[in-house]
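Structure data follow from upload.tsv (TSV, C-alpha atoms):
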```tsv
chain	number	residue	atom	x	y	z
A	1	MET	CA	0.00	0.00	0.00
A	2	ARG	CA	1.43	3.44	-1.00
A	3	PHE	CA	0.60	6.64	0.95
A	4	ARG	CA	0.58	9.92	-1.06
A	5	TRP	CA	1.44	12.40	1.68
A	6	LEU	CA	2.75	15.26	-0.52
A	7	ARG	CA	-0.48	15.57	-2.55
A	8	SER	CA	-2.37	16.42	0.62
A	9	GLY	CA	0.13	19.11	1.54
A	10	LEU	CA	1.31	17.17	4.60
A	11	SER	CA	4.89	16.35	5.44
A	12	PRO	CA	5.91	12.69	5.33
A	13	PRO	CA	5.69	11.03	8.72
A	14	SER	CA	8.79	10.14	10.70
A	15	GLY	CA	10.26	6.65	10.29
A	16	LEU	CA	8.69	5.43	13.54
A	17	LEU	CA	5.29	6.88	12.74
A	18	ALA	CA	5.40	5.47	9.22
A	19	ALA	CA	6.21	2.04	10.57
A	20	LEU	CA	3.30	2.28	13.00
A	21	ILE	CA	0.92	3.31	10.23
A	22	VAL	CA	2.02	0.42	8.02
A	23	ALA	CA	1.73	-2.01	10.92
A	24	PHE	CA	-1.74	-0.70	11.72
A	25	SER	CA	-2.76	-1.08	8.09
A	26	PHE	CA	-1.62	-4.70	7.98
A	27	ALA	CA	-3.29	-5.41	11.34
A	28	SER	CA	-6.53	-3.88	10.13
A	29	SER	CA	-6.33	-5.91	6.95
A	30	SER	CA	-5.72	-9.11	8.94
A	31	THR	CA	-8.62	-8.31	11.27
A	32	LEU	CA	-10.93	-7.76	8.32
A	33	ARG	CA	-9.83	-11.06	6.78
A	34	ALA	CA	-10.41	-12.85	10.09
A	35	GLU	CA	-13.83	-11.26	10.47
A	36	SER	CA	-14.66	-12.19	6.89
A	37	GLN	CA	-13.63	-15.81	7.53
A	38	SER	CA	-15.63	-15.86	10.77
A	39	ASP	CA	-18.66	-14.45	8.97
A	40	ARG	CA	-18.33	-17.10	6.26
A	41	VAL	CA	-18.09	-19.92	8.81
A	42	GLY	CA	-21.12	-18.53	10.62
A	43	LEU	CA	-23.07	-18.38	7.36
A	44	VAL	CA	-22.02	-21.92	6.43
A	45	GLN	CA	-23.17	-23.16	9.83
A	46	GLN	CA	-26.52	-21.42	9.54
A	47	GLU	CA	-27.12	-22.85	6.07
A	48	LEU	CA	-25.95	-26.28	7.23
A	49	ALA	CA	-28.32	-26.16	10.21
A	50	ALA	CA	-31.30	-25.12	8.09
A	51	ASP	CA	-30.67	-27.85	5.51
A	52	TYR	CA	-30.06	-30.47	8.18
A	53	ASP	CA	-33.25	-29.47	10.00
A	54	ARG	CA	-35.32	-30.10	6.87
A	55	TRP	CA	-33.55	-33.39	6.17
A	56	PHE	CA	-33.83	-34.54	9.81
A	57	ARG	CA	-37.58	-33.97	9.95
A	58	GLN	CA	-38.14	-35.78	6.67
A	59	GLN	CA	-35.93	-38.69	7.72
A	60	ALA	CA	-37.73	-39.00	11.06
A	61	GLU	CA	-41.06	-38.94	9.25
A	62	ASP	CA	-39.97	-41.54	6.69
A	63	GLU	CA	-38.69	-43.87	9.43
A	64	ARG	CA	-41.81	-43.29	11.54
A	65	VAL	CA	-39.74	-42.27	14.54
A	66	VAL	CA	-42.02	-41.60	17.51
A	67	GLY	CA	-40.00	-38.73	18.99
A	68	ALA	CA	-36.62	-37.16	18.33
A	69	ALA	CA	-34.63	-33.99	18.88
A	70	PHE	CA	-31.32	-32.55	17.73
A	71	ALA	CA	-29.10	-29.62	18.62
A	72	ILE	CA	-26.28	-28.05	16.62
A	73	VAL	CA	-23.78	-25.86	18.47
A	74	SER	CA	-20.90	-23.63	17.45
A	75	ARG	CA	-18.41	-23.13	20.29
A	76	ASP	CA	-20.25	-20.56	22.41
A	77	HIS	CA	-23.81	-20.61	21.08
A	78	ILE	CA	-26.60	-22.89	19.95
A	79	VAL	CA	-27.02	-22.69	16.19
A	80	ARG	CA	-30.27	-24.64	15.97
A	81	VAL	CA	-32.56	-27.00	17.87
A	82	GLY	CA	-35.03	-29.21	16.00
A	83	THR	CA	-37.66	-31.62	17.23
A	84	HIS	CA	-39.99	-34.21	15.79
A	85	GLY	CA	-42.95	-36.20	17.01
A	86	TYR	CA	-44.18	-37.15	20.44
A	87	THR	CA	-43.02	-38.27	23.86
A	88	ASP	CA	-45.21	-41.38	23.51
A	89	THR	CA	-47.76	-42.97	21.19
A	90	THR	CA	-50.78	-42.54	23.46
A	91	ARG	CA	-50.79	-39.07	25.06
A	92	LYS	CA	-49.30	-37.47	21.94
A	93	ARG	CA	-47.39	-34.80	23.86
A	94	GLN	CA	-44.99	-33.12	21.46
A	95	VAL	CA	-41.25	-33.40	21.98
A	96	ASP	CA	-39.57	-30.04	22.62
A	97	GLY	CA	-36.07	-28.89	23.41
A	98	ASP	CA	-36.58	-29.52	27.13
A	99	THR	CA	-37.92	-33.07	26.81
A	100	ALA	CA	-35.71	-35.43	28.82
A	101	PHE	CA	-34.47	-38.68	27.26
A	102	ARG	CA	-32.29	-41.45	28.63
A	103	LEU	CA	-28.71	-40.92	27.46
A	104	ALA	CA	-27.61	-44.54	27.98
A	105	SER	CA	-23.86	-44.78	27.25
A	106	VAL	CA	-23.52	-41.08	26.45
A	107	SER	CA	-23.50	-40.97	30.28
A	108	LYS	CA	-19.89	-42.19	30.06
A	109	THR	CA	-18.79	-38.78	28.78
A	110	PHE	CA	-20.07	-37.22	32.01
A	111	ALA	CA	-18.29	-39.79	34.17
A	112	ALA	CA	-15.06	-39.01	32.35
A	113	GLY	CA	-15.59	-35.27	32.72
A	114	LEU	CA	-16.22	-35.57	36.46
A	115	ALA	CA	-13.21	-37.85	36.96
A	116	ALA	CA	-11.03	-35.46	34.96
A	117	GLN	CA	-12.03	-32.57	37.23
A	118	LEU	CA	-10.96	-34.55	40.29
A	119	VAL	CA	-7.68	-35.63	38.70
A	120	ASP	CA	-7.05	-31.98	37.80
A	121	GLU	CA	-7.55	-31.12	41.47
A	122	GLY	CA	-5.12	-33.82	42.58
A	123	ARG	CA	-7.76	-36.02	44.26
A	124	PHE	CA	-6.43	-39.10	42.46
A	125	ARG	CA	-4.31	-40.03	39.44
A	126	TRP	CA	-5.16	-41.74	36.18
A	127	ASP	CA	-2.49	-44.36	36.81
A	128	ASP	CA	-3.66	-45.24	40.33
A	129	PRO	CA	-4.50	-48.95	40.70
A	130	ILE	CA	-8.25	-49.44	41.02
A	131	THR	CA	-7.63	-51.52	44.15
A	132	ASP	CA	-6.50	-48.33	45.94
A	133	TYR	CA	-10.17	-47.30	45.99
A	134	VAL	CA	-12.03	-50.60	45.59
A	135	PRO	CA	-9.83	-52.94	47.65
A	136	ASP	CA	-12.24	-55.88	47.53
A	137	PHE	CA	-12.37	-55.92	43.71
A	138	ARG	CA	-10.59	-58.90	42.18
A	139	ILE	CA	-9.89	-60.44	38.79
A	140	ARG	CA	-8.04	-63.65	38.01
A	141	GLY	CA	-4.47	-62.49	38.03
A	142	GLU	CA	-2.85	-59.29	39.27
A	143	THR	CA	-5.76	-56.91	39.87
A	144	SER	CA	-3.44	-53.97	40.64
A	145	ARG	CA	-2.46	-53.86	36.95
A	146	ILE	CA	-5.88	-52.36	36.18
A	147	HIS	CA	-5.67	-48.61	36.71
A	148	VAL	CA	-8.33	-45.90	36.85
A	149	GLU	CA	-7.52	-44.88	33.28
A	150	HIS	CA	-8.22	-48.44	32.08
A	151	LEU	CA	-11.79	-48.19	33.40
A	152	LEU	CA	-12.61	-44.96	31.57
A	153	GLY	CA	-10.46	-45.89	28.58
A	154	GLN	CA	-12.22	-49.24	28.02
A	155	SER	CA	-8.85	-50.97	28.06
A	156	SER	CA	-8.98	-53.35	31.04
A	157	GLY	CA	-8.21	-56.31	28.80
A	158	LEU	CA	-11.17	-58.31	30.13
A	159	VAL	CA	-13.75	-59.92	27.86
A	160	PRO	CA	-16.00	-57.17	26.40
A	161	HIS	CA	-19.37	-56.45	28.03
A	162	ALA	CA	-18.44	-58.60	31.01
A	163	TYR	CA	-21.60	-59.70	32.85
A	164	ASP	CA	-23.95	-57.30	31.06
A	165	ASN	CA	-26.28	-60.31	30.89
A	166	LEU	CA	-26.38	-60.48	34.69
A	167	LEU	CA	-27.03	-56.76	34.86
A	168	GLU	CA	-30.01	-57.16	32.53
A	169	ASP	CA	-31.26	-60.12	34.57
A	170	GLY	CA	-31.39	-58.01	37.72
A	171	VAL	CA	-28.51	-59.66	39.59
A	172	SER	CA	-27.24	-57.34	42.35
A	173	ILE	CA	-24.17	-55.21	41.69
A	174	PRO	CA	-22.16	-56.76	44.58
A	175	GLN	CA	-22.87	-60.23	43.19
A	176	ILE	CA	-21.83	-59.18	39.69
A	177	ARG	CA	-18.62	-57.57	40.93
A	178	ALA	CA	-17.71	-60.75	42.80
A	179	ARG	CA	-17.91	-62.70	39.53
A	180	PHE	CA	-15.03	-60.67	38.06
A	181	ALA	CA	-12.69	-62.84	40.14
A	182	GLU	CA	-13.39	-65.54	37.54
A	183	LEU	CA	-12.07	-63.43	34.63
A	184	ALA	CA	-8.49	-63.06	33.44
A	185	PRO	CA	-7.31	-60.32	31.04
A	186	THR	CA	-6.93	-61.41	27.43
A	187	CYS	CA	-4.27	-58.72	26.91
A	188	GLU	CA	-2.14	-56.39	29.00
A	189	PRO	CA	-4.37	-53.64	30.49
A	190	GLY	CA	-4.05	-50.50	28.40
A	191	SER	CA	-3.08	-52.33	25.21
A	192	CYS	CA	-6.42	-53.44	23.73
A	193	TYR	CA	-10.03	-52.30	23.55
A	194	SER	CA	-12.60	-53.98	25.79
A	195	TYR	CA	-15.93	-52.16	26.17
A	196	GLN	CA	-17.49	-52.44	29.63
A	197	ASN	CA	-20.45	-51.18	31.66
A	198	THR	CA	-20.24	-52.71	35.14
A	199	LEU	CA	-16.45	-52.45	35.25
A	200	PHE	CA	-16.53	-48.89	33.88
A	201	SER	CA	-18.83	-47.92	36.73
A	202	LEU	CA	-16.23	-48.70	39.38
A	203	ILE	CA	-15.31	-45.07	38.78
A	204	GLU	CA	-18.35	-44.26	40.93
A	205	THR	CA	-16.58	-45.65	44.00
A	206	VAL	CA	-13.35	-43.85	43.09
A	207	VAL	CA	-14.96	-40.41	42.86
A	208	GLU	CA	-17.18	-40.92	45.90
A	209	ARG	CA	-14.23	-41.90	48.10
A	210	THR	CA	-11.97	-39.10	46.90
A	211	ALA	CA	-14.60	-36.32	46.85
A	212	ALA	CA	-16.65	-37.47	49.88
A	213	ASP	CA	-20.04	-37.18	48.21
A	214	SER	CA	-22.42	-39.31	46.18
A	215	TYR	CA	-21.90	-39.71	42.46
A	216	ALA	CA	-25.29	-38.14	41.68
A	217	ASN	CA	-24.56	-35.10	43.85
A	218	LEU	CA	-21.11	-34.64	42.35
A	219	VAL	CA	-22.42	-34.68	38.78
A	220	ASP	CA	-25.21	-32.29	39.73
A	221	GLN	CA	-23.03	-29.83	41.65
A	222	ARG	CA	-19.99	-29.93	39.38
A	223	ILE	CA	-21.59	-30.26	35.93
A	224	PHE	CA	-25.36	-29.83	35.72
A	225	ARG	CA	-25.69	-26.69	37.86
A	226	PRO	CA	-22.64	-24.77	36.60
A	227	LEU	CA	-23.70	-25.43	32.99
A	228	ASP	CA	-27.37	-24.64	33.71
A	229	MET	CA	-28.47	-28.08	32.51
A	230	ARG	CA	-31.94	-27.63	33.95
A	231	THR	CA	-33.60	-30.92	33.01
A	232	ALA	CA	-30.59	-33.20	33.49
A	233	SER	CA	-30.65	-35.79	36.26
A	234	VAL	CA	-29.10	-39.04	37.43
A	235	GLY	CA	-31.06	-42.22	38.02
A	236	TYR	CA	-34.32	-44.08	37.55
A	237	GLU	CA	-36.40	-42.28	40.18
A	238	ALA	CA	-35.25	-38.87	38.95
A	239	PHE	CA	-36.31	-39.73	35.41
A	240	LEU	CA	-39.75	-40.93	36.48
A	241	ALA	CA	-40.18	-37.69	38.45
A	242	THR	CA	-39.53	-35.61	35.32
A	243	ARG	CA	-42.87	-34.56	33.84
A	244	ASN	CA	-41.57	-33.68	30.38
A	245	ARG	CA	-39.90	-36.98	29.56
A	246	ALA	CA	-39.86	-39.16	26.46
A	247	LEU	CA	-41.13	-42.69	27.01
A	248	PRO	CA	-39.34	-45.68	25.44
A	249	HIS	CA	-40.63	-47.51	22.37
A	250	VAL	CA	-39.77	-50.84	20.78
A	251	LYS	CA	-41.10	-52.26	17.52
A	252	ARG	CA	-43.62	-55.08	17.78
A	253	ASN	CA	-45.48	-56.49	14.79
A	254	GLY	CA	-44.17	-53.66	12.66
A	255	ARG	CA	-45.38	-50.87	14.97
A	256	TRP	CA	-43.73	-48.83	17.71
A	257	ARG	CA	-45.15	-49.68	21.11
A	258	THR	CA	-44.67	-47.72	24.34
A	259	VAL	CA	-42.93	-49.92	26.93
A	260	PRO	CA	-41.96	-49.44	30.59
A	261	VAL	CA	-38.73	-47.70	31.53
A	262	LEU	CA	-36.35	-50.47	32.61
A	263	PRO	CA	-34.21	-49.76	35.70
A	264	ASN	CA	-31.37	-52.25	35.17
A	265	TYR	CA	-28.74	-50.05	33.52
A	266	TYR	CA	-29.51	-47.20	35.89
A	267	ARG	CA	-27.70	-49.32	38.49
A	268	VAL	CA	-24.42	-48.53	36.73
A	269	ALA	CA	-24.89	-44.77	36.77
A	270	PRO	CA	-21.51	-43.73	35.33
A	271	ALA	CA	-22.04	-46.07	32.37
A	272	ALA	CA	-25.70	-45.41	31.60
A	273	GLY	CA	-27.53	-43.49	34.33
A	274	ILE	CA	-27.95	-39.93	33.08
A	275	ASN	CA	-31.10	-38.32	31.68
A	276	ALA	CA	-31.09	-35.04	29.78
A	277	SER	CA	-32.76	-32.95	27.10
A	278	VAL	CA	-31.21	-31.96	23.82
A	279	LEU	CA	-30.79	-28.40	25.18
A	280	ASP	CA	-28.86	-29.84	28.11
A	281	LEU	CA	-26.60	-31.73	25.72
A	282	ALA	CA	-26.04	-28.56	23.71
A	283	LYS	CA	-24.58	-26.96	26.85
A	284	TRP	CA	-22.48	-30.06	27.50
A	285	LEU	CA	-21.13	-29.87	23.95
A	286	MET	CA	-20.24	-26.20	24.34
A	287	ALA	CA	-18.35	-27.05	27.53
A	288	GLN	CA	-16.20	-29.49	25.53
A	289	LEU	CA	-15.58	-26.71	23.03
A	290	GLY	CA	-14.15	-24.37	25.66
A	291	THR	CA	-17.01	-22.12	26.78
A	292	ALA	CA	-16.90	-23.21	30.43
A	293	PRO	CA	-13.24	-23.51	31.53
A	294	GLU	CA	-14.36	-23.28	35.14
A	295	VAL	CA	-16.04	-26.66	34.57
A	296	LEU	CA	-13.66	-28.25	32.04
A	297	ARG	CA	-10.34	-26.65	31.25
A	298	PRO	CA	-9.30	-27.08	27.59
A	299	ALA	CA	-6.21	-29.04	28.68
A	300	VAL	CA	-8.45	-31.43	30.60
A	301	VAL	CA	-10.67	-31.96	27.56
A	302	ASP	CA	-7.58	-32.62	25.44
A	303	THR	CA	-6.63	-35.41	27.84
A	304	LEU	CA	-10.05	-37.02	27.47
A	305	ILE	CA	-9.97	-37.07	23.67
A	306	THR	CA	-6.37	-38.20	23.27
A	307	PRO	CA	-6.55	-41.57	21.46
A	308	ARG	CA	-5.50	-44.45	23.72
A	309	VAL	CA	-6.61	-47.76	22.22
A	310	ARG	CA	-7.65	-48.52	18.66
A	311	THR	CA	-11.25	-49.70	18.14
A	312	PRO	CA	-11.18	-51.65	14.86
A	313	ARG	CA	-14.79	-52.86	15.17
A	314	ASP	CA	-15.95	-49.27	14.76
A	315	LEU	CA	-14.51	-49.32	11.25
A	316	ARG	CA	-17.16	-51.92	10.39
A	317	ARG	CA	-20.18	-50.08	11.85
A	318	LYS	CA	-22.97	-50.02	9.28
A	319	GLU	CA	-23.28	-46.28	8.61
A	320	TRP	CA	-19.89	-45.14	9.87
A	321	LYS	CA	-17.63	-47.55	7.97
A	322	ARG	CA	-17.81	-45.59	4.72
A	323	LEU	CA	-16.60	-42.45	6.52
A	324	LEU	CA	-14.02	-43.63	9.02
A	325	ALA	CA	-10.31	-43.74	8.30
A	326	ASP	CA	-9.48	-44.75	11.87
A	327	ALA	CA	-11.11	-45.08	15.29
A	328	HIS	CA	-9.89	-45.03	18.89
A	329	TYR	CA	-11.19	-44.72	22.43
A	330	GLY	CA	-9.90	-41.96	24.68
A	331	LEU	CA	-11.30	-41.52	28.20
A	332	GLY	CA	-15.09	-41.70	28.02
A	333	TRP	CA	-15.05	-40.55	24.38
A	334	ARG	CA	-14.51	-42.27	21.06
A	335	VAL	CA	-12.17	-40.47	18.68
A	336	TYR	CA	-13.02	-40.89	15.00
A	337	GLN	CA	-10.87	-39.93	12.04
A	338	ILE	CA	-12.91	-38.84	9.00
A	339	GLY	CA	-10.44	-38.10	6.22
A	340	ASP	CA	-8.18	-35.38	7.61
A	341	GLU	CA	-10.76	-34.45	10.23
A	342	ARG	CA	-11.39	-35.85	13.70
A	343	ILE	CA	-14.44	-35.84	15.90
A	344	ALA	CA	-15.03	-36.87	19.49
A	345	TYR	CA	-18.11	-39.08	19.62
A	346	HIS	CA	-20.21	-41.37	21.77
A	347	SER	CA	-23.46	-43.22	21.25
A	348	GLY	CA	-25.97	-44.67	23.67
A	349	TRP	CA	-28.55	-47.44	23.46
A	350	VAL	CA	-30.83	-48.86	26.12
A	351	SER	CA	-34.26	-50.41	25.69
A	352	GLY	CA	-36.41	-47.92	23.79
A	353	TYR	CA	-33.85	-45.11	23.46
A	354	ARG	CA	-30.94	-44.03	21.27
A	355	ALA	CA	-28.54	-41.12	21.75
A	356	ASP	CA	-25.62	-39.72	19.74
A	357	ILE	CA	-23.25	-36.86	20.57
A	358	ALA	CA	-20.22	-35.63	18.61
A	359	TRP	CA	-18.07	-32.56	18.16
A	360	SER	CA	-15.20	-31.28	16.06
A	361	PRO	CA	-12.41	-29.68	18.14
A	362	GLU	CA	-10.90	-27.97	15.11
A	363	HIS	CA	-14.11	-26.45	13.75
A	364	GLY	CA	-15.87	-25.81	17.05
A	365	LEU	CA	-18.97	-27.59	15.81
A	366	GLY	CA	-21.12	-30.11	17.65
A	367	LEU	CA	-24.24	-32.25	17.19
A	368	ALA	CA	-26.49	-34.08	19.65
A	369	VAL	CA	-29.37	-36.37	18.61
A	370	LEU	CA	-31.88	-38.07	20.94
A	371	MET	CA	-34.63	-40.56	20.06
A	372	ASN	CA	-37.21	-42.56	22.01
A	373	VAL	CA	-37.05	-45.53	19.65
A	374	GLU	CA	-34.42	-48.14	18.91
A	375	GLY	CA	-32.84	-48.79	15.53
A	376	SER	CA	-29.97	-47.63	13.34
A	377	VAL	CA	-31.60	-44.51	11.92
A	378	ILE	CA	-29.74	-42.38	14.47
A	379	SER	CA	-26.43	-43.42	12.90
A	380	THR	CA	-27.72	-42.20	9.54
A	381	MET	CA	-28.68	-38.91	11.15
A	382	SER	CA	-25.21	-38.44	12.65
A	383	THR	CA	-23.13	-39.50	9.66
A	384	HIS	CA	-25.20	-37.39	7.26
A	385	PHE	CA	-24.59	-34.31	9.38
A	386	TRP	CA	-20.82	-34.73	9.45
A	387	GLU	CA	-20.67	-35.46	5.74
A	388	MET	CA	-22.59	-32.25	5.08
A	389	ALA	CA	-20.54	-30.26	7.58
A	390	PHE	CA	-17.07	-31.18	6.36
A	391	ALA	CA	-18.06	-30.85	2.70
A	392	ARG	CA	-19.31	-27.31	3.27
A	393	LEU	CA	-16.55	-26.19	5.60
A	394	HIS	CA	-13.96	-27.23	3.01
A	395	SER	CA	-15.73	-25.78	-0.01
A	396	PRO	CA	-14.06	-22.64	-1.43
A	397	PRO	CA	-15.76	-19.34	-0.62
A	398	PRO	CA	-17.97	-17.95	-3.39
A	399	THR	CA	-16.29	-15.47	-5.71
A	400	THR	CA	-17.75	-12.00	-6.01
A	401	SER	CA	-17.73	-9.85	-9.11
A	402	PRO	CA	-15.80	-6.56	-8.86
```

Starting from the file, give its structure as structure tokens.
Amino acid sequence: MRFRWLRSGLSPPSGLLAALIVAFSFASSSTLRAESQSDRVGLVQQELAADYDRWFRQQAEDERVVGAAFAIVSRDHIVRVGTHGYTDTTRKRQVDGDTAFRLASVSKTFAAGLAAQLVDEGRFRWDDPITDYVPDFRIRGETSRIHVEHLLGQSSGLVPHAYDNLLEDGVSIPQIRARFAELAPTCEPGSCYSYQNTLFSLIETVVERTAADSYANLVDQRIFRPLDMRTASVGYEAFLATRNRALPHVKRNGRWRTVPVLPNYYRVAPAAGINASVLDLAKWLMAQLGTAPEVLRPAVVDTLITPRVRTPRDLRRKEWKRLLADAHYGLGWRVYQIGDERIAYHSGWVSGYRADIAWSPEHGLGLAVLMNVEGSVISTMSTHFWEMAFARLHSPPPTTSP
């Protein structure tokens, strides 16, 4: 840029002043470019949200989903919330943004977040042996080799889904835990993927002993309240006490039927015990994206989504396999590689409910989807969103005529 000082009748500025003017000009130009890029991203997100909303509603209608909701967030704000259908097939109460659903295994992301807070405060360490806090827990072999991080990282080395069948049959938690003494690791803890529910939930005892409060109170006081998650709760009784809740549905004779809420997986609260609305999950997503450092510091979140063990079975998941280049488990979060992009992700499934949550650290974009029916349609809804999002975020900006 050239400045024509003499034409205006002014003397040229001193060397220092000239340097400052040039620096200011470049800074202003950079600021304008940054604002322009930010405006473009914002516009892309708004268009993406509008198009996804239309597609989501049509997909839910085509699949005859009873009730569903989604939220799209962008770092520090909610871009869009969409809903479809009813809380149940009889009363026909419409689902809204505050309707509570069961989160099932999406609950694991909250357990990891709570544990990470306590580790950050020095209450315990990721590499502490689990027997330091649950001394009566035993496996066949050297139990002390299983550390806290192996619980939340799904890398204990034990047979996957150990004793989930007993959990579903109503066997007491103490009885189930005692049966772990019959199991030996199939690999060195920390070296292979082994998804668990009952074992994962030993983190409840760890946090209760180190923070001197109940798991439900800790989640409420440290996560729900600071993030203003107004309809979120922990447990079976809390869900039944929520008036605006979605009831579960399973397909029988080709039709969705309302069924009772089953309590079994609520007994492993860290693994599957949280209830929340899609607006609550939007706030949880924004916390991952850095808007609430008083709840989750960015460095803490980075620890949770650092890949730890590879999850090759995810590469064969029906809807995801065509997108995924690689897949890992961190601490309470899956980490998926989609081309050059990565997302943190978790799904949930208990009788009559499905839940999906995912976010892109690099793009500050997140999606939550909740449904009160079973089935794979939720995977279609998640994968379609991320295909749309990455395609649009990487498309060149439109050219403008001079």

May I have the residues within 9 Å of Val95 (chain A) as a count of residues only, using all atoms listed in the file and disregarding those fewer than 3 positions away in the same chain? 13

Set the distance at 12 Å and use only C-alpha atoms: which residues neighbour Phe180 (chain A) once local chain neighbours fewer than 3 positions away are removed? I'd like the list as a ChimeraX atom specification. /A:136-141,143,156,158-159,161-164,166,173-177,183-185,198-199

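Here the selection is built from only C-alpha atoms, and the residues within 9 Å of (-10.8, -36.2, 8.0) turn out to be Leu323, Leu324, Ala325, Tyr336, Gln337, Ile338, Gly339, Asp340, Glu341, Arg342, Ile343 and Phe390 of chain A.
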
Exercise: residues within 10 Å of coordinate (-19.9, -32.1, 42.2), counting all atoms listed in the file, as an mmCIF file with C-alpha atoms, in the coordinates of the input:
```
data_model
loop_
_atom_site.group_PDB
_atom_site.id
_atom_site.type_symbol
_atom_site.label_atom_id
_atom_site.label_comp_id
_atom_site.auth_asym_id
_atom_site.auth_seq_id
_atom_site.Cartn_x
_atom_site.Cartn_y
_atom_site.Cartn_z
ATOM 1 C CA LEU A 114 -16.220 -35.570 36.460
ATOM 2 C CA GLN A 117 -12.030 -32.570 37.230
ATOM 3 C CA LEU A 118 -10.960 -34.550 40.290
ATOM 4 C CA VAL A 207 -14.960 -40.410 42.860
ATOM 5 C CA GLU A 208 -17.180 -40.920 45.900
ATOM 6 C CA ALA A 211 -14.600 -36.320 46.850
ATOM 7 C CA ALA A 212 -16.650 -37.470 49.880
ATOM 8 C CA ASP A 213 -20.040 -37.180 48.210
ATOM 9 C CA SER A 214 -22.420 -39.310 46.180
ATOM 10 C CA TYR A 215 -21.900 -39.710 42.460
ATOM 11 C CA ALA A 216 -25.290 -38.140 41.680
ATOM 12 C CA ASN A 217 -24.560 -35.100 43.850
ATOM 13 C CA LEU A 218 -21.110 -34.640 42.350
ATOM 14 C CA VAL A 219 -22.420 -34.680 38.780
ATOM 15 C CA ASP A 220 -25.210 -32.290 39.730
ATOM 16 C CA GLN A 221 -23.030 -29.830 41.650
ATOM 17 C CA ARG A 222 -19.990 -29.930 39.380
ATOM 18 C CA ILE A 223 -21.590 -30.260 35.930
ATOM 19 C CA PHE A 224 -25.360 -29.830 35.720
ATOM 20 C CA ARG A 225 -25.690 -26.690 37.860
ATOM 21 C CA PRO A 226 -22.640 -24.770 36.600
#
```

Just the number, please: distance in Å from CA of Val250 (chain A) to CA of Ser233 (chain A), one decimal.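 Separation of CA of Val250 (chain A) and CA of Ser233 (chain A): 23.4 Å.
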
As a list of chain:residue names, please: the residues near Ser191 (chain A) (cut-off 12 Å, only C-alpha atoms, same-chain neighbours under 4 positions excluded).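 That gives A:Arg145, A:Ile146, A:Glu149, A:His150, A:Gly153, A:Gln154, A:Ser155, A:Ser156, A:Gly157, A:Leu158, A:Pro185, A:Thr186, A:Cys187, A:Pro307, A:Arg308, A:Val309, A:Arg310, A:Thr311, A:His328, A:Tyr329.
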
Between A:Gly113, A:Glu374, A:Pro189, A:Arg317, which is the closest to Ser144 (chain A) once you count all atoms listed in the file? A:Pro189

Would you please work out which residue, of A:Ala389, A:Ala276, A:Leu370, A:Ala344, is nearest to Leu304 (chain A) when using all atoms listed in the file?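 Looking only at the distances to Leu304 (chain A), the closest residue turns out to be A:Ala344.
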
In Å, how far is it from CA of Glu319 (chain A) to CA of Leu262 (chain A)?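 Taking CA of Glu319 (chain A) as the start and CA of Leu262 (chain A) as the end point, the length is 27.6 Å.
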
Could you state the separation of CA of Arg297 (chain A) and CA of Tyr193 (chain A) in Å, given to one decimal place? 26.8 Å

Which residues, written as a PyMOL selection string, have at least one atom at most 12 Å from Met371 (chain A), with only C-alpha atoms counted and residues fewer than 5 positions away on the same chain left out? chain A and resi 56+60+63-70+83-88+95-96+99-104+245-250+276-278+347-357+376-379+381

Option closest in space to Asp51 (chain A), from A:Gly82, A:Pro293, A:Arg257, A:Asp76 [counting all atoms listed in the file]: A:Gly82

Selected residue, from A:Glu142, A:Asp228, A:Asp326, A:Glu204, that lies nearest to Leu279 (chain A) when counting all atoms listed in the file: A:Asp228

Serialized region 268-283 of chain A w/ C-alpha atoms as a PDB file, in the first residue's frame:
```pdb
ATOM      1  CA  VAL A 268     -24.423 -48.530  36.728  1.00  0.00           C
ATOM      2  CA  ALA A 269     -24.893 -44.770  36.766  1.00  0.00           C
ATOM      3  CA  PRO A 270     -21.509 -43.729  35.325  1.00  0.00           C
ATOM      4  CA  ALA A 271     -22.037 -46.067  32.371  1.00  0.00           C
ATOM      5  CA  ALA A 272     -25.700 -45.407  31.603  1.00  0.00           C
ATOM      6  CA  GLY A 273     -27.529 -43.492  34.330  1.00  0.00           C
ATOM      7  CA  ILE A 274     -27.950 -39.926  33.080  1.00  0.00           C
ATOM      8  CA  ASN A 275     -31.101 -38.318  31.683  1.00  0.00           C
ATOM      9  CA  ALA A 276     -31.087 -35.038  29.777  1.00  0.00           C
ATOM     10  CA  SER A 277     -32.762 -32.953  27.104  1.00  0.00           C
ATOM     11  CA  VAL A 278     -31.206 -31.955  23.824  1.00  0.00           C
ATOM     12  CA  LEU A 279     -30.787 -28.405  25.176  1.00  0.00           C
ATOM     13  CA  ASP A 280     -28.857 -29.839  28.114  1.00  0.00           C
ATOM     14  CA  LEU A 281     -26.604 -31.730  25.716  1.00  0.00           C
ATOM     15  CA  ALA A 282     -26.039 -28.555  23.707  1.00  0.00           C
ATOM     16  CA  LYS A 283     -24.585 -26.962  26.847  1.00  0.00           C
TER      17      LYS A 283
END
```
